[in-house]
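Chemist: Below you will find the structure I want to go over with you.
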Amino acid sequence: QIKLVESGGGEVQPGGSLRLSCASSTSIFSFKAMGWYRQTPENERELVATITAGGTTNYADSVKGRATISRDIAKNTMDLQMNSLKPEDTGLYYCRAALGATALRGQGTQVTVSS
């Protein structure tokens with residue numbers, strides 16, 4: 001069974017930074033695309049950023065200029081660097097990956113932005 005495991009969440013003050021990581025139990029080379037999503041305290045699910053197998057990235061308007069998504073194929077990881085964090089960035093961040101017709105998802109890591 002392929003697993004995705006997120007790490008790097010925590011509590012941070014507004015203006016701070018976090019780097020989230022998603023580790024795959026299998027090679028990410030074959031993933032068609034990967035992405036970070038978040039579930040807000042209001043239970044809304046939002047796309048944060050995605051990256052395709054070709055390296056094309058896409059960001060939600062709310063995080064453009066503050067977030068950078070990246071992959072390390074050698075380490076089988078996908079990271080999300082978040083800067084200038086705002087209280088509205090609070091949520092459960094989870095990674096997803098598309099492997100053929102299979103959609104994979106991790107359990108998530110909590111990010112809380114609060115003063």
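By convention here, the chains of the structure tokens are called A, B, ... in the order presented, each chain's residues are numbered starting at 1, and ligands are numbered starting at 1 in the order presented.
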Taking only residues of segment 18-43 of chain A that have an atom at most 9 Å from an atom of segment 89-106 of chain A, what is each one's shortest atom pair and its distance in Å to one decimal, using only C-alpha atoms, in chain and number order, as JSON lines?
Modeler:
```
{"residue": "A:Leu20", "atom": "CA", "partner": "A:Tyr93", "partner_atom": "CA", "distance": 8.5}
{"residue": "A:Ser21", "atom": "CA", "partner": "A:Cys95", "partner_atom": "CA", "distance": 8.8}
{"residue": "A:Cys22", "atom": "CA", "partner": "A:Cys95", "partner_atom": "CA", "distance": 6.4}
{"residue": "A:Ile28", "atom": "CA", "partner": "A:Ala97", "partner_atom": "CA", "distance": 8.7}
{"residue": "A:Ser30", "atom": "CA", "partner": "A:Leu99", "partner_atom": "CA", "distance": 6.6}
{"residue": "A:Phe31", "atom": "CA", "partner": "A:Leu99", "partner_atom": "CA", "distance": 4.8}
{"residue": "A:Lys32", "atom": "CA", "partner": "A:Ala98", "partner_atom": "CA", "distance": 5.4}
{"residue": "A:Ala33", "atom": "CA", "partner": "A:Ala98", "partner_atom": "CA", "distance": 5.4}
{"residue": "A:Met34", "atom": "CA", "partner": "A:Ala97", "partner_atom": "CA", "distance": 4.3}
{"residue": "A:Gly35", "atom": "CA", "partner": "A:Arg96", "partner_atom": "CA", "distance": 5.3}
{"residue": "A:Trp36", "atom": "CA", "partner": "A:Cys95", "partner_atom": "CA", "distance": 4.6}
{"residue": "A:Tyr37", "atom": "CA", "partner": "A:Tyr94", "partner_atom": "CA", "distance": 5.4}
{"residue": "A:Arg38", "atom": "CA", "partner": "A:Tyr93", "partner_atom": "CA", "distance": 4.3}
{"residue": "A:Gln39", "atom": "CA", "partner": "A:Leu92", "partner_atom": "CA", "distance": 5.0}
{"residue": "A:Thr40", "atom": "CA", "partner": "A:Gly91", "partner_atom": "CA", "distance": 4.4}
{"residue": "A:Pro41", "atom": "CA", "partner": "A:Gly91", "partner_atom": "CA", "distance": 6.0}
{"residue": "A:Asn43", "atom": "CA", "partner": "A:Gly91", "partner_atom": "CA", "distance": 8.9}
```
Chemist: Store the residues picked out above in a file with C-alpha atoms, as a PDB file, in the first residue's frame.
Modeler:
```pdb
ATOM      1  CA  LEU A  20       5.818  21.269   5.039  1.00  0.00           C
ATOM      2  CA  SER A  21       7.007  17.985   3.613  1.00  0.00           C
ATOM      3  CA  CYS A  22       5.149  15.046   2.101  1.00  0.00           C
ATOM      4  CA  ILE A  28       7.163   9.854  -6.990  1.00  0.00           C
ATOM      5  CA  SER A  30       5.489   8.014 -11.756  1.00  0.00           C
ATOM      6  CA  PHE A  31       3.061  10.443 -10.134  1.00  0.00           C
ATOM      7  CA  LYS A  32       1.206  12.414 -12.769  1.00  0.00           C
ATOM      8  CA  ALA A  33       0.794  15.296 -10.367  1.00  0.00           C
ATOM      9  CA  MET A  34       1.078  16.108  -6.692  1.00  0.00           C
ATOM     10  CA  GLY A  35      -0.399  18.861  -4.618  1.00  0.00           C
ATOM     11  CA  TRP A  36      -1.033  20.454  -1.267  1.00  0.00           C
ATOM     12  CA  TYR A  37      -4.542  21.092  -0.050  1.00  0.00           C
ATOM     13  CA  ARG A  38      -5.910  22.362   3.218  1.00  0.00           C
ATOM     14  CA  GLN A  39      -9.043  21.915   5.237  1.00  0.00           C
ATOM     15  CA  THR A  40      -9.975  25.088   7.049  1.00  0.00           C
ATOM     16  CA  PRO A  41     -11.516  25.344  10.533  1.00  0.00           C
ATOM     17  CA  ASN A  43     -14.386  22.643   7.035  1.00  0.00           C
TER      18      ASN A  43
END
```
Chemist: Would you please give, as an NGL selection string, all residues of chain A that DSSP assigns to helix (DSSP H, G or I) based on the backbone?
Modeler: :A and (28-30 or 87-89)
Chemist: Kindly export the residues of the current selection with C-alpha atoms, as a compact mmCIF listing (two decimals), in the first residue's frame.
Modeler:
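The new file again00.txt reads:
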```txt
# COMPACT_ATOMS: atom_id res chain seq x y z
CA ILE A 28 7.16 9.85 -6.99
CA PHE A 29 8.65 9.68 -10.47
CA SER A 30 5.49 8.01 -11.76
CA PRO A 87 -4.25 33.57 10.42
CA GLU A 88 -6.37 32.57 7.42
CA ASP A 89 -3.67 30.05 6.46
```
Chemist: Could you pull out the residues in chain A that DSSP calls strand (DSSP E or B) from the backbone, as a ChimeraX atom specification?
Modeler: /A:4-7,10-12,18-24,33-39,45-52,57-59,67-72,77-82,91-99,102-105,109-113
Chemist: Interatomic distance between atom CA of Met78 of chain A and atom CA of Pro14 of chain A?
Modeler: 24.0 Å
Chemist: For Leu85 of chain A, which residue out of A:Glu11, A:Asp61, A:Asp72, A:Glu44 is the nearest one, using only C-alpha atoms?
Modeler: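 Closest to Leu85 of chain A of all the choices is A:Glu11.
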Chemist: I need the residue nearest Ala23 of chain A from this list: A:Thr77, A:Thr56, A:Thr50, A:Gln107. Use only C-alpha atoms for the distance.
Modeler: A:Thr77
Chemist: Contacts of Lys64 of chain A at 10 Å or less, counting only C-alpha atoms, minus same-chain residues fewer than 3 places along, as a CSV table (one decimal) with C-alpha atoms, in the first residue's frame?
Modeler:
```csv
chain,number,residue,atom,x,y,z
A,48,VAL,CA,-3.0,25.4,-2.1
A,49,ALA,CA,-0.5,24.4,-4.8
A,58,ASN,CA,0.0,26.2,-9.9
A,59,TYR,CA,-1.0,28.2,-6.8
A,60,ALA,CA,-4.1,29.4,-5.2
A,61,ASP,CA,-4.5,33.2,-5.5
A,67,ALA,CA,4.2,29.8,-1.2
A,68,THR,CA,6.7,27.6,-3.1
A,82,MET,CA,5.0,29.0,3.2
```
Chemist: Work out how far apart atom CA of Thr109 of chain A and atom CA of Asn76 of chain A are and give it in Å to one decimal.
Modeler: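 Going from atom CA of Thr109 of chain A over to atom CA of Asn76 of chain A, I get 17.8 Å.
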Chemist: Select, from A:Thr57, A:Ser62, A:Ser25, A:Gln110, the residue with the minimum atom-to-atom distance to Gly9 of chain A, counting only C-alpha atoms.
Modeler: A:Gln110
Chemist: Pick the closest to Val63 of chain A from A:Lys86, A:Leu18, A:Ile51, A:Arg45: which is it, counting only C-alpha atoms?
Modeler: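 When distances to Val63 of chain A are compared using only C-alpha atoms, the smallest one comes from A:Lys86.
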Chemist: Which residue is closest to Ser114 of chain A? Choose from A:Ile69, A:Asn83, A:Leu4, A:Gly10 and count only C-alpha atoms.
Modeler: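 Of A:Ile69, A:Asn83, A:Leu4, A:Gly10, the one nearest Ser114 of chain A, counting only C-alpha atoms, is A:Gly10.
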Chemist: My list of candidates is A:Ser27, A:Thr112, A:Ser17, A:Ser7. Which is closest to Gln81 of chain A when distances are computed with only C-alpha atoms?
Modeler: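 Looking at the shortest contact to Gln81 of chain A, the residue is A:Ser17.
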